[in-house]
Structures are given as C-alpha cells and as structure tokens.
>>> print(open('work.cif').read())   # mmCIF, C-alpha atoms and all ligand atoms
data_work
#
loop_
_atom_site.label_atom_id
_atom_site.label_comp_id
_atom_site.auth_asym_id
_atom_site.auth_seq_id
_atom_site.Cartn_x
_atom_site.Cartn_y
_atom_site.Cartn_z
CA MET A 1 0.00 0.00 0.00
CA ALA A 2 1.31 3.47 -0.88
CA LYS A 3 1.81 5.61 2.22
CA ILE A 4 0.45 9.15 2.24
CA GLU A 5 3.36 11.40 3.21
CA PRO A 6 2.27 14.87 4.35
CA MET A 7 2.78 17.65 1.80
CA ASP A 8 2.38 21.40 2.29
CA PHE A 9 -1.27 22.06 1.41
CA ILE A 10 -4.64 20.43 0.92
CA TRP A 11 -7.36 22.28 -0.96
CA MET A 12 -10.58 22.40 1.07
CA ASP A 13 -13.83 24.12 0.26
CA GLY A 14 -12.36 26.82 -1.94
CA LYS A 15 -8.92 27.42 -0.45
CA LEU A 16 -5.57 25.84 0.24
CA VAL A 17 -5.03 25.06 3.90
CA PRO A 18 -1.88 23.77 5.62
CA TRP A 19 -1.81 19.94 5.54
CA GLN A 20 -2.23 19.54 9.32
CA GLU A 21 -5.26 21.83 9.38
CA ALA A 22 -7.32 19.92 6.78
CA MET A 23 -9.80 18.48 9.28
CA ILE A 24 -13.39 17.26 9.25
CA HIS A 25 -15.73 16.53 12.15
CA ILE A 26 -16.15 12.92 13.35
CA THR A 27 -19.91 13.11 12.74
CA THR A 28 -19.38 13.84 9.03
CA HIS A 29 -22.03 11.87 7.14
CA SER A 30 -19.49 10.49 4.65
CA VAL A 31 -17.50 9.00 7.54
CA LEU A 32 -20.64 7.41 8.94
CA TYR A 33 -22.00 6.03 5.66
CA GLY A 34 -19.28 6.16 2.95
CA ILE A 35 -21.19 8.14 0.33
CA THR A 36 -18.05 9.86 -0.93
CA PRO A 37 -17.46 10.53 -4.64
CA PHE A 38 -13.75 10.66 -5.38
CA GLU A 39 -11.17 10.51 -8.12
CA GLY A 40 -7.60 9.32 -8.47
CA ILE A 41 -5.50 11.27 -10.97
CA ARG A 42 -1.83 10.96 -11.88
CA ILE A 43 0.60 13.69 -12.69
CA TYR A 44 3.61 12.67 -14.75
CA LYS A 45 6.95 14.27 -15.37
CA CYS A 46 7.16 14.47 -19.16
CA SER A 47 10.19 13.82 -21.34
CA ASP A 48 10.65 17.56 -21.96
CA GLY A 49 10.99 18.22 -18.22
CA ARG A 50 7.53 19.70 -17.74
CA SER A 51 4.84 18.06 -15.58
CA ALA A 52 1.39 17.21 -16.88
CA ILE A 53 -1.83 16.01 -15.26
CA PHE A 54 -3.17 13.03 -17.20
CA ARG A 55 -6.74 13.39 -18.47
CA LEU A 56 -7.76 15.95 -15.85
CA ASN A 57 -11.06 16.88 -17.45
CA SER A 58 -12.14 13.25 -17.91
CA HIS A 59 -11.53 12.64 -14.20
CA ILE A 60 -13.40 15.73 -13.09
CA TYR A 61 -16.24 14.90 -15.46
CA ARG A 62 -16.47 11.44 -13.86
CA LEU A 63 -16.39 12.97 -10.36
CA PHE A 64 -19.45 15.06 -11.20
CA ASN A 65 -21.09 12.09 -12.88
CA THR A 66 -20.54 9.98 -9.75
CA ALA A 67 -22.26 12.67 -7.67
CA LYS A 68 -25.11 12.74 -10.19
CA ILE A 69 -25.54 8.94 -10.19
CA THR A 70 -26.09 9.01 -6.42
CA GLY A 71 -28.88 11.53 -6.85
CA ILE A 72 -27.91 12.69 -3.37
CA ILE A 73 -24.99 15.05 -3.91
CA LYS A 74 -24.74 18.33 -5.76
CA ILE A 75 -21.16 19.57 -5.86
CA PRO A 76 -21.11 23.28 -4.87
CA PHE A 77 -18.45 24.18 -7.48
CA THR A 78 -18.30 24.02 -11.26
CA ARG A 79 -16.19 21.45 -13.09
CA LEU A 80 -13.87 24.23 -14.22
CA GLU A 81 -13.43 25.46 -10.66
CA ILE A 82 -12.44 21.97 -9.49
CA GLU A 83 -10.03 21.56 -12.42
CA GLN A 84 -8.43 24.89 -11.51
CA ALA A 85 -8.28 23.83 -7.86
CA VAL A 86 -6.45 20.60 -8.83
CA ILE A 87 -3.94 22.64 -10.85
CA GLU A 88 -3.42 25.06 -7.96
CA THR A 89 -2.94 22.18 -5.51
CA VAL A 90 -0.29 20.59 -7.74
CA GLN A 91 1.50 23.90 -8.21
CA LYS A 92 1.50 25.02 -4.59
CA ASN A 93 2.79 21.62 -3.45
CA LYS A 94 5.38 21.52 -6.26
CA LEU A 95 4.18 18.01 -7.07
CA GLU A 96 6.10 17.24 -10.24
CA GLU A 97 5.00 13.62 -10.36
CA GLY A 98 2.46 11.84 -8.20
CA TYR A 99 -1.19 11.35 -7.47
CA ILE A 100 -4.11 13.64 -6.70
CA ARG A 101 -7.23 12.61 -4.83
CA PRO A 102 -10.23 14.96 -5.16
CA LEU A 103 -13.10 13.91 -2.92
CA VAL A 104 -16.57 15.12 -2.09
CA LEU A 105 -17.99 14.65 1.37
CA ILE A 106 -21.45 14.97 2.77
CA GLY A 107 -20.79 17.03 5.90
CA VAL A 108 -22.49 16.83 9.28
CA ALA A 109 -26.02 15.69 8.51
CA GLY A 110 -27.36 13.50 11.32
CA ILE A 111 -28.08 9.82 11.74
CA GLY A 112 -29.56 7.83 8.87
CA PRO A 113 -27.99 6.84 5.55
CA LEU A 114 -30.02 9.26 3.45
CA PRO A 115 -29.06 12.86 4.22
CA ASP A 116 -31.50 15.77 3.84
CA ASP A 117 -31.40 17.65 0.54
CA ASN A 118 -29.83 20.71 2.13
CA SER A 119 -27.00 18.86 3.89
CA PRO A 120 -23.59 20.56 3.62
CA ILE A 121 -21.23 19.30 0.91
CA GLN A 122 -17.48 19.58 1.35
CA VAL A 123 -14.81 19.20 -1.32
CA ALA A 124 -11.14 18.41 -0.75
CA ILE A 125 -8.15 17.78 -3.00
CA ILE A 126 -5.29 15.74 -1.54
CA PRO A 127 -1.91 15.62 -3.30
CA CYS A 128 0.57 12.83 -2.69
CA ARG A 129 3.71 11.24 -4.00
CA PHE A 130 3.07 7.89 -5.58
CA GLY A 131 5.10 5.08 -7.04
CA HIS A 132 4.26 1.64 -8.34
CA TYR A 133 0.87 0.66 -6.95
CA LEU A 134 1.23 -3.09 -7.38
CA GLY A 135 4.85 -3.25 -6.26
CA GLY A 136 8.27 -3.02 -7.85
CA GLY A 137 8.62 -5.24 -10.90
CA ALA A 138 4.86 -5.56 -11.47
CA LEU A 139 4.95 -3.65 -14.76
CA GLU A 140 7.96 -5.58 -16.02
CA ARG A 141 7.19 -9.10 -14.78
CA GLY A 142 3.43 -9.15 -14.29
CA ILE A 143 1.40 -10.08 -11.24
CA ARG A 144 -0.34 -13.13 -9.80
CA VAL A 145 -4.04 -12.62 -9.18
CA LYS A 146 -6.67 -14.58 -7.34
CA ILE A 147 -10.33 -14.78 -8.24
CA SER A 148 -12.34 -13.41 -5.33
CA LYS A 149 -15.41 -14.87 -3.71
CA TRP A 150 -16.69 -11.28 -3.37
CA ARG A 151 -18.65 -10.40 -6.48
CA ARG A 152 -19.87 -7.22 -8.16
CA ASP A 153 -23.56 -7.69 -8.65
CA ASP A 154 -25.13 -4.92 -10.71
CA ARG A 155 -28.25 -4.84 -8.57
CA VAL A 156 -26.34 -4.12 -5.38
CA LEU A 157 -24.50 -0.85 -6.03
CA PRO A 158 -24.11 1.63 -8.91
CA TRP A 159 -20.64 0.39 -9.89
CA HIS A 160 -20.23 3.07 -12.58
CA ALA A 161 -19.97 5.59 -9.74
CA LYS A 162 -16.62 5.98 -8.00
CA LEU A 163 -17.73 6.11 -4.37
CA ALA A 164 -15.54 5.38 -1.33
CA GLY A 165 -18.10 2.91 0.05
CA HIS A 166 -17.67 0.65 -2.99
CA TYR A 167 -14.09 0.05 -1.96
CA ILE A 168 -15.13 -2.19 0.90
CA ASN A 169 -15.71 -4.79 -1.83
CA ALA A 170 -12.28 -3.95 -3.31
CA ALA A 171 -10.53 -4.19 0.07
CA LEU A 172 -12.11 -7.60 0.77
CA ALA A 173 -11.11 -8.93 -2.65
CA LYS A 174 -7.56 -7.68 -2.22
CA LYS A 175 -7.28 -9.00 1.35
CA GLU A 176 -8.41 -12.44 0.22
CA ALA A 177 -5.79 -12.45 -2.55
CA LYS A 178 -2.99 -11.17 -0.32
CA GLU A 179 -3.74 -13.73 2.40
CA SER A 180 -3.25 -16.52 -0.14
CA GLY A 181 0.02 -15.00 -1.35
CA TYR A 182 -1.27 -13.27 -4.50
CA ASP A 183 -0.77 -9.66 -5.58
CA GLU A 184 -4.31 -8.64 -6.47
CA GLY A 185 -7.90 -9.83 -6.46
CA LEU A 186 -9.99 -10.35 -9.57
CA VAL A 187 -13.75 -9.98 -9.22
CA LEU A 188 -16.57 -11.75 -11.04
CA ASP A 189 -20.05 -10.47 -11.82
CA SER A 190 -23.15 -12.25 -10.58
CA ARG A 191 -22.97 -14.69 -13.52
CA GLY A 192 -19.41 -15.67 -12.67
CA CYS A 193 -17.70 -13.74 -15.47
CA PRO A 194 -14.37 -12.01 -14.72
CA ILE A 195 -14.97 -8.26 -14.94
CA GLU A 196 -12.40 -6.23 -13.00
CA GLY A 197 -9.54 -6.18 -10.58
CA SER A 198 -10.14 -4.80 -7.11
CA ALA A 199 -9.43 -1.32 -8.53
CA GLU A 200 -8.47 -1.95 -12.17
CA ASN A 201 -10.14 -2.75 -15.45
CA LEU A 202 -9.42 -6.07 -17.14
CA PHE A 203 -8.25 -6.80 -20.68
CA ILE A 204 -7.37 -10.05 -22.41
CA VAL A 205 -5.62 -10.64 -25.73
CA LYS A 206 -6.76 -13.54 -27.89
CA ASP A 207 -5.55 -14.19 -31.43
CA GLY A 208 -4.26 -10.63 -31.72
CA GLU A 209 -7.55 -9.06 -30.63
CA LEU A 210 -8.06 -7.07 -27.45
CA LEU A 211 -11.17 -7.80 -25.37
CA THR A 212 -12.53 -6.01 -22.31
CA PRO A 213 -15.87 -6.28 -20.47
CA GLY A 214 -18.45 -3.78 -21.72
CA LEU A 215 -19.89 -0.81 -19.87
CA ASP A 216 -23.16 -2.72 -19.54
CA LYS A 217 -21.31 -4.73 -16.85
CA PRO A 218 -20.92 -3.63 -13.21
CA ILE A 219 -17.53 -2.00 -13.79
CA LEU A 220 -16.05 1.46 -13.51
CA ALA A 221 -15.71 3.23 -16.86
CA GLY A 222 -11.95 3.49 -16.42
CA ILE A 223 -10.13 6.39 -17.98
CA THR A 224 -7.05 4.23 -18.50
CA ARG A 225 -9.35 1.61 -20.09
CA ASN A 226 -10.57 4.27 -22.51
CA SER A 227 -6.99 5.41 -23.20
CA VAL A 228 -5.87 1.83 -23.90
CA ILE A 229 -8.79 1.27 -26.29
CA ARG A 230 -7.94 4.43 -28.21
CA LEU A 231 -4.20 3.75 -28.32
CA ALA A 232 -4.82 0.20 -29.56
CA ARG A 233 -7.36 1.15 -32.24
CA ASN A 234 -5.06 3.89 -33.52
CA LYS A 235 -2.40 1.24 -34.05
CA GLY A 236 -4.80 -1.00 -35.98
CA ILE A 237 -5.41 -3.47 -33.15
CA THR A 238 -9.00 -4.78 -33.11
CA VAL A 239 -10.71 -4.04 -29.80
CA LYS A 240 -13.93 -5.61 -28.61
CA ASP A 241 -14.93 -3.27 -25.79
CA ASP A 242 -18.30 -4.85 -25.07
CA ALA A 243 -17.06 -8.36 -24.44
CA THR A 244 -18.45 -10.94 -22.08
CA ILE A 245 -15.35 -12.72 -20.87
CA LEU A 246 -15.91 -16.17 -19.42
CA LYS A 247 -13.46 -17.69 -16.96
CA ASP A 248 -12.33 -20.11 -19.65
CA ASP A 249 -11.65 -17.19 -22.03
CA LEU A 250 -9.34 -15.74 -19.41
CA TYR A 251 -7.56 -19.05 -18.80
CA ASP A 252 -7.14 -19.60 -22.57
CA ALA A 253 -6.05 -16.02 -23.26
CA ASP A 254 -2.70 -15.35 -24.91
CA GLU A 255 -2.22 -12.35 -22.61
CA ALA A 256 -4.12 -10.52 -19.88
CA PHE A 257 -3.57 -7.27 -18.05
CA PHE A 258 -5.11 -4.90 -15.54
CA CYS A 259 -5.19 -1.17 -16.12
CA GLY A 260 -6.01 1.87 -14.04
CA THR A 261 -4.64 5.19 -12.89
CA ALA A 262 -2.74 3.56 -10.04
CA ALA A 263 -1.95 0.22 -11.73
CA GLU A 264 -1.17 1.81 -15.14
CA ILE A 265 -0.84 -1.26 -17.42
CA THR A 266 0.08 -4.25 -15.29
CA PRO A 267 0.42 -7.64 -17.00
CA ILE A 268 -1.24 -10.67 -15.38
CA ARG A 269 1.07 -13.68 -15.17
CA VAL A 270 -1.06 -16.16 -13.26
CA VAL A 271 -4.74 -16.47 -12.37
CA ALA A 272 -5.66 -18.61 -9.38
CA GLU A 273 -8.97 -19.86 -8.12
CA GLU A 274 -9.91 -21.59 -4.89
CA ASP A 275 -12.41 -24.44 -5.06
CA LYS A 276 -14.99 -25.25 -2.42
CA TYR A 277 -12.52 -27.54 -0.62
CA GLY A 278 -10.02 -24.70 -0.25
CA GLU A 279 -7.70 -26.09 -2.94
CA ILE A 280 -6.10 -23.40 -5.10
CA GLU A 281 -5.55 -24.05 -8.77
CA GLU A 282 -3.16 -21.79 -10.67
CA VAL A 283 -3.34 -21.13 -14.40
CA PRO A 284 -0.42 -19.37 -16.12
CA ILE A 285 -1.63 -16.92 -18.76
CA GLY A 286 -0.02 -17.27 -22.19
CA SER A 287 3.54 -18.43 -22.75
CA VAL A 288 5.45 -15.22 -21.98
CA CYS A 289 4.63 -12.35 -19.67
CA PRO A 290 4.29 -9.60 -20.67
CA GLY A 291 3.15 -10.70 -24.11
CA ALA A 292 3.88 -8.68 -27.23
CA THR A 293 0.56 -6.78 -27.33
CA THR A 294 0.67 -5.85 -23.64
CA LYS A 295 4.26 -4.67 -24.05
CA LYS A 296 3.33 -2.58 -27.06
CA LEU A 297 0.41 -0.98 -25.20
CA GLN A 298 2.59 -0.24 -22.16
CA GLU A 299 5.09 1.45 -24.44
CA LEU A 300 2.42 3.54 -26.15
CA PHE A 301 0.76 4.43 -22.85
CA PHE A 302 3.97 5.64 -21.20
CA LYS A 303 4.86 7.62 -24.31
CA ALA A 304 1.42 9.25 -24.26
CA VAL A 305 1.49 10.17 -20.55
CA ARG A 306 4.99 11.63 -20.93
CA GLY A 307 3.94 13.82 -23.84
CA GLU A 308 5.80 11.90 -26.53
CA ILE A 309 2.81 11.36 -28.83
CA ALA A 310 1.72 14.66 -30.32
CA GLU A 311 -1.83 13.61 -31.20
CA TYR A 312 -2.81 12.98 -27.56
CA GLN A 313 -0.94 15.89 -26.00
CA LYS A 314 -3.61 18.53 -26.30
CA GLU A 315 -6.57 16.41 -25.27
CA TRP A 316 -4.97 14.28 -22.56
CA LEU A 317 -2.32 16.43 -20.92
CA THR A 318 -2.68 19.54 -18.78
CA TYR A 319 0.81 20.96 -18.47
CA ILE A 320 1.58 22.66 -15.17
CA GLU A 321 4.07 25.39 -14.40
CA ILE A 322 5.76 24.35 -11.18
N1 LIG A 401 -12.20 -0.19 -11.77
C1 LIG A 401 -12.21 0.20 -10.49
C2 LIG A 401 -13.16 -0.47 -9.55
C3 LIG A 401 -11.36 1.20 -10.02
O1 LIG A 401 -11.35 1.57 -8.75
C4 LIG A 401 -10.47 1.81 -10.93
C5 LIG A 401 -9.52 2.89 -10.45
N2 LIG A 401 -10.09 4.16 -10.51
C6 LIG A 401 -10.49 1.41 -12.27
C7 LIG A 401 -11.37 0.40 -12.66
C8 LIG A 401 -9.63 2.08 -13.29
O2 LIG A 401 -10.13 3.37 -13.57
P1 LIG A 401 -9.17 4.55 -14.02
O3 LIG A 401 -8.41 4.06 -15.18
O4 LIG A 401 -10.09 5.65 -14.38
O5 LIG A 401 -8.30 4.87 -12.87
#
>>> encode(input="work.cif", output="structure tokens", more="lines below")
Ligand code: PMP
Amino acid sequence: MAKIEPMDFIWMDGKLVPWQEAMIHITTHSVLYGITPFEGIRIYKCSDGRSAIFRLNSHIYRLFNTAKITGIIKIPFTRLEIEQAVIETVQKNKLEEGYIRPLVLIGVAGIGPLPDDNSPIQVAIIPCRFGHYLGGGALERGIRVKISKWRRDDRVLPWHAKLAGHYINAALAKKEAKESGYDEGLVLDSRGCPIEGSAENLFIVKDGELLTPGLDKPILAGITRNSVIRLARNKGITVKDDATILKDDLYDADEAFFCGTAAEITPIRVVAEEDKYGEIEEVPIGSVCPGATTKKLQELFFKAVRGEIAEYQKEWLTYIEI
C-alpha cells in the first residue's frame, strides 16, 4: 500500500489550507455512511521536463457524474473550478510527479444513511507522491491474481460511480488475494464472469484481438481503459470493448492485463482460483509475460502520458508550471 506522506497544502472548500489543518468533524455523514465521490489522478513528469496532469477533465467529469448517479450530492463548485483547484494544488505543493485525490464529502447531517437535501457538501483535494501501486517489478514481470469470492452484482451498487463505500468490496477482494500470497484480487459479476480487478479494469488478448468487459457490466468506466482502447485502435489493433469474458476465455487467453490510474498497465502472469474444498488451482496466462501486445500498449501508454505522442498531447495532458 502506498503511504500518504504529508505535503504542504490540501485544498478544502475553496482554499488551500496547511496539511495539518485539513480536518473534518467525526460526525461527518461520509464518515458514517461512505457516500463519498472521489477521483484518483496521476501527474507525470514528461520527457521535456515539464509536468502534466493526465486526463484531468475526464476525471473531473467522472467525479461530477458519480455525484449525479447518487442523486444525493450536488457539488457546490463548477467542473472548471475543481479543475483549476487541482492545478493550484499541484503547483502550490510543487508536485512534479504523483497522485491527486479529489473527494466530495457529505458534511455533518445527522443519523440515517439518506441525508437531507440541504445537507452541507465539502470538497477536498489531496496531493501525494506515488510510485508503483502493485509493487516493484509488477509492470515488467506481471502479477499473480486470485479470483475473489466477493462479487460485483449490478443490482447491489451503482458500480459506474466511484464512491468510497464501494471500496469495501475492493478491500475484501484484495485481502483475500494477499492472504493466499497473491498480488491482487480479480472480481466476477453475478454470472461468474471475470470483470475487474479490485481497482483496475481487465483486458485479455486472444488471437491478436483485445477484449474487455463492456460498460453494460458492473464496472467502472476506467479512464485508463478508454486510453488503452484508443491507443490500440489507432495502431490497428482490433478491440472488442463490449465483451463478455468467461473464466475459460481468461484461462485460454494469450495475454491478460489490468489497467487503471494507479496500476497503469500491469500484466497478469497467473490467475488462481480456490475451489470449495479450499484447494487453489493456478493457471499461467499465455507463454510469456508480458506478451507482445501488452508490451506494445505499455510502451504507447507511457509515451502518451509523458507527452511523446503529439496527437494525444492537447486532449490528454494539462501541463503545469511548477
Ligand atoms: N475499476 C475500479 C473499480 C477502479 O477503482 C479503478 C480505479 N479508478 C479502475 C477500474 C480504473 O479506472 P481509471 O483508469 O479511471 O483509474
């Protein structure tokens, strides 16, 4: 787990405050019930020495969409104001490379999961330094994942929304994997189809084609997922982005990888599943890890985030003067 080291400032409710003073009250509704829209955004140091926030407006758009999906929260700022606040937070903390966590809290609102319409809404933006989410060597050598018994059933929660409360499911899936000696959990939908990692989207490669579960499934519409799809299609790789992936498709895949803001593009080396007797069966994915397509996509992705591909620069990168 990446530690959060204190930085100079956190943006809260319209202004930057010293890190130690960014406090909320213990009776904050979001603490009591977890209805907390948030985002995770990376800032990269580009090859030309400048720093750039990756896909800032897509992340802030999704933050507002998450609030809208709940039907409970109206963010008391515009999207542009929050984008500007993220930029200011990065600048004032001199965060040349790292991670930014905007979050929206329902303030003090009383007991009961559904707050009143006029409950206070608080917004914060936390900057932090950030390295390799799934550990050193994960990008180069791939990870071992375990299929979780915790599922993502579309009738339980609005999985398209990025809400803190959803991450109880993610934490349980990851804990289960870690306890058995694996790096990450892989979750199934209610029909038993692999759909996501604990906090990553899933792709497989089969016969040169890229497949990923569709947005009709209980997954997050990942911004890295979208970037991978666009990078692949632009290079002539066929992408099926509305796939239903069965467990056997995953086991038979030539390659598989997870992607996400934190995980970037992390190859999957082994998938393991525990049967009802507690026996774990491991299936290696493909013959080499990372496979050629995954490697190519990693290369393209890191070029794009570091400003080395002109056609994505303007749309995907917000350069920051630090
Ligand atoms: N699925 C889930 C459940 C996640 O938490 C994340 C991380 N935000 C992703 C997918 C990947 O999304 P993104 O690429 O936008 O970070």
>>> residues_around(input="work.cif", residues="stretch 130-134 of chain A", least_positions_apart="5", cutoff="10 Å", atoms="all atoms listed in the file", output="number ranges by chain")
A: 1-5, 42-43, 97-100, 139, 142-143, 183-184, 260-264, 266
>>> write_last_selection(input="work.cif", atoms="C-alpha atoms", output="CSV table (one decimal), keeping the file's coordinate frame")
chain,number,residue,atom,x,y,z
A,1,MET,CA,0.0,0.0,0.0
A,2,ALA,CA,1.3,3.5,-0.9
A,3,LYS,CA,1.8,5.6,2.2
A,4,ILE,CA,0.4,9.2,2.2
A,5,GLU,CA,3.4,11.4,3.2
A,42,ARG,CA,-1.8,11.0,-11.9
A,43,ILE,CA,0.6,13.7,-12.7
A,97,GLU,CA,5.0,13.6,-10.4
A,98,GLY,CA,2.5,11.8,-8.2
A,99,TYR,CA,-1.2,11.4,-7.5
A,100,ILE,CA,-4.1,13.6,-6.7
A,139,LEU,CA,5.0,-3.6,-14.8
A,142,GLY,CA,3.4,-9.2,-14.3
A,143,ILE,CA,1.4,-10.1,-11.2
A,183,ASP,CA,-0.8,-9.7,-5.6
A,184,GLU,CA,-4.3,-8.6,-6.5
A,260,GLY,CA,-6.0,1.9,-14.0
A,261,THR,CA,-4.6,5.2,-12.9
A,262,ALA,CA,-2.7,3.6,-10.0
A,263,ALA,CA,-2.0,0.2,-11.7
A,264,GLU,CA,-1.2,1.8,-15.1
A,266,THR,CA,0.1,-4.2,-15.3
>>> closest_residue(input="work.cif", among="A:Thr78, A:Ser190, A:Asn93, A:Ser198", to="A:Leu172", atoms="all atoms listed in the file")
A:Ser198
>>> atom_distance(input="work.cif", atom1="atom CA of A:Ile106", atom2="atom CA of A:Ile72")
9.2 Å
>>> residues_around(input="work.cif", residues="A:Glu200", least_positions_apart="4", cutoff="12 Å", atoms="only C-alpha atoms", output="PyMOL selection string")
chain A and resi 40+133-134+145+167+170+174+184-187+194-196+212-213+219-225+257-268
>>> residues_around(input="work.cif", residues="A:Met12", least_positions_apart="2", cutoff="6 Å", atoms="only C-alpha atoms", output="PyMOL selection string")
chain A and resi 14-15+123-124
>>> residues_around(input="work.cif", residues="A:Lys217", least_positions_apart="5", cutoff="12 Å", atoms="only C-alpha atoms", output="MDAnalysis selection string")
chainID A and resid 152:155 157:160 187:196 201:202 212 241:245
>>> atom_distance(input="work.cif", atom1="atom C1 of ligand LIG 401 (chain A)", atom2="atom CA of A:Gly197")
6.9 Å
>>> axis_aligned_box(input="work.cif", around="ligand LIG 401 (chain A)", padding_each_side="8 Å", output="JSON")
{"center_x": -10.7, "center_y": 2.6, "center_z": -12.0, "size_x": 20.9, "size_y": 22.1, "size_z": 22.4}
>>> atom_distance(input="work.cif", atom1="atom CA of A:Gly110", atom2="atom CA of A:Thr28")
8.3 Å
>>> residues_near_point(input="work.cif", point="(-8.2, 21.9, 7.0)", cutoff="10 Å", atoms="all atoms listed in the file", output="MDAnalysis selection string")
chainID A and resid 9:13 15:24 124
>>> residues_around(input="work.cif", residues="A:Thr238", least_positions_apart="3", cutoff="12 Å", atoms="all atoms listed in the file", output="VMD selection string")
chain A and resid 205 to 212 228 to 235 241 293
>>> closest_residue(input="work.cif", among="A:Ile125, A:Ile204, A:Leu63, A:Val108", to="A:Ile87", atoms="only C-alpha atoms")
A:Ile125
>>> closest_residue(input="work.cif", among="A:Leu163, A:Leu297, A:Ala52, A:Leu80", to="ligand LIG 401 (chain A)", atoms="all atoms listed in the file")
A:Leu163
>>> closest_residue(input="work.cif", among="A:Leu105, A:Asp117, A:Thr70, A:Ser180", to="A:Glu279", atoms="all atoms listed in the file")
A:Ser180
>>> closest_residue(input="work.cif", among="A:Glu255, A:Asp8, A:Glu96, A:Glu39", to="ligand LIG 401 (chain A)", atoms="all atoms listed in the file")
A:Glu39
>>> closest_residue(input="work.cif", among="A:Gln122, A:Ser227, A:Gln298, A:Ser51", to="ligand LIG 401 (chain A)", atoms="all atoms listed in the file")
A:Ser227
>>> decode(input="work.cif", residues="stretch 138-161 of chain A", atoms="N, CA and C atoms", output="short mmCIF file (atom, residue, chain, number, x, y, z; two decimals), in the first residue's frame")
data_model
loop_
_atom_site.label_atom_id
_atom_site.label_comp_id
_atom_site.auth_asym_id
_atom_site.auth_seq_id
_atom_site.Cartn_x
_atom_site.Cartn_y
_atom_site.Cartn_z
N ALA A 138 6.18 -5.14 -10.98
CA ALA A 138 4.86 -5.56 -11.47
C ALA A 138 4.68 -5.24 -12.96
N LEU A 139 5.13 -4.05 -13.35
CA LEU A 139 4.95 -3.65 -14.76
C LEU A 139 5.82 -4.49 -15.67
N GLU A 140 6.99 -4.86 -15.17
CA GLU A 140 7.96 -5.58 -16.02
C GLU A 140 7.69 -7.09 -16.04
N ARG A 141 7.30 -7.64 -14.87
CA ARG A 141 7.19 -9.10 -14.78
C ARG A 141 5.76 -9.62 -14.70
N GLY A 142 4.82 -8.72 -14.42
CA GLY A 142 3.43 -9.15 -14.29
C GLY A 142 3.11 -9.56 -12.86
N ILE A 143 1.83 -9.74 -12.60
CA ILE A 143 1.40 -10.08 -11.24
C ILE A 143 0.60 -11.38 -11.24
N ARG A 144 0.44 -11.91 -10.00
CA ARG A 144 -0.34 -13.13 -9.80
C ARG A 144 -1.64 -12.70 -9.14
N VAL A 145 -2.76 -13.08 -9.73
CA VAL A 145 -4.04 -12.62 -9.18
C VAL A 145 -4.91 -13.81 -8.77
N LYS A 146 -5.78 -13.52 -7.82
CA LYS A 146 -6.67 -14.58 -7.34
C LYS A 146 -8.12 -14.16 -7.53
N ILE A 147 -8.90 -15.05 -8.07
CA ILE A 147 -10.33 -14.78 -8.24
C ILE A 147 -10.98 -14.71 -6.87
N SER A 148 -11.75 -13.64 -6.65
CA SER A 148 -12.34 -13.41 -5.33
C SER A 148 -13.71 -14.06 -5.20
N LYS A 149 -14.04 -14.39 -3.96
CA LYS A 149 -15.41 -14.87 -3.71
C LYS A 149 -16.38 -13.69 -3.61
N TRP A 150 -15.83 -12.48 -3.44
CA TRP A 150 -16.69 -11.28 -3.37
C TRP A 150 -17.00 -10.82 -4.78
N ARG A 151 -18.28 -10.72 -5.10
CA ARG A 151 -18.65 -10.40 -6.48
C ARG A 151 -19.12 -8.96 -6.63
N ARG A 152 -19.27 -8.53 -7.87
CA ARG A 152 -19.87 -7.22 -8.16
C ARG A 152 -21.18 -7.49 -8.88
N ASP A 153 -22.24 -7.42 -8.10
CA ASP A 153 -23.56 -7.69 -8.65
C ASP A 153 -24.20 -6.35 -9.01
N ASP A 154 -24.64 -6.23 -10.26
CA ASP A 154 -25.13 -4.92 -10.71
C ASP A 154 -26.38 -4.44 -9.99
N ARG A 155 -27.06 -5.32 -9.28
CA ARG A 155 -28.25 -4.84 -8.57
C ARG A 155 -27.95 -4.43 -7.13
N VAL A 156 -26.69 -4.45 -6.76
CA VAL A 156 -26.34 -4.12 -5.38
C VAL A 156 -25.89 -2.67 -5.22
N LEU A 157 -25.03 -2.23 -6.12
CA LEU A 157 -24.50 -0.85 -6.03
C LEU A 157 -24.32 -0.30 -7.44
N PRO A 158 -24.35 1.04 -7.58
CA PRO A 158 -24.11 1.63 -8.91
C PRO A 158 -22.61 1.66 -9.21
N TRP A 159 -22.09 0.56 -9.76
CA TRP A 159 -20.64 0.39 -9.89
C TRP A 159 -20.00 1.40 -10.82
N HIS A 160 -20.80 2.05 -11.69
CA HIS A 160 -20.23 3.07 -12.58
C HIS A 160 -19.81 4.31 -11.79
N ALA A 161 -20.33 4.44 -10.58
CA ALA A 161 -19.97 5.59 -9.74
C ALA A 161 -18.71 5.24 -8.95
#
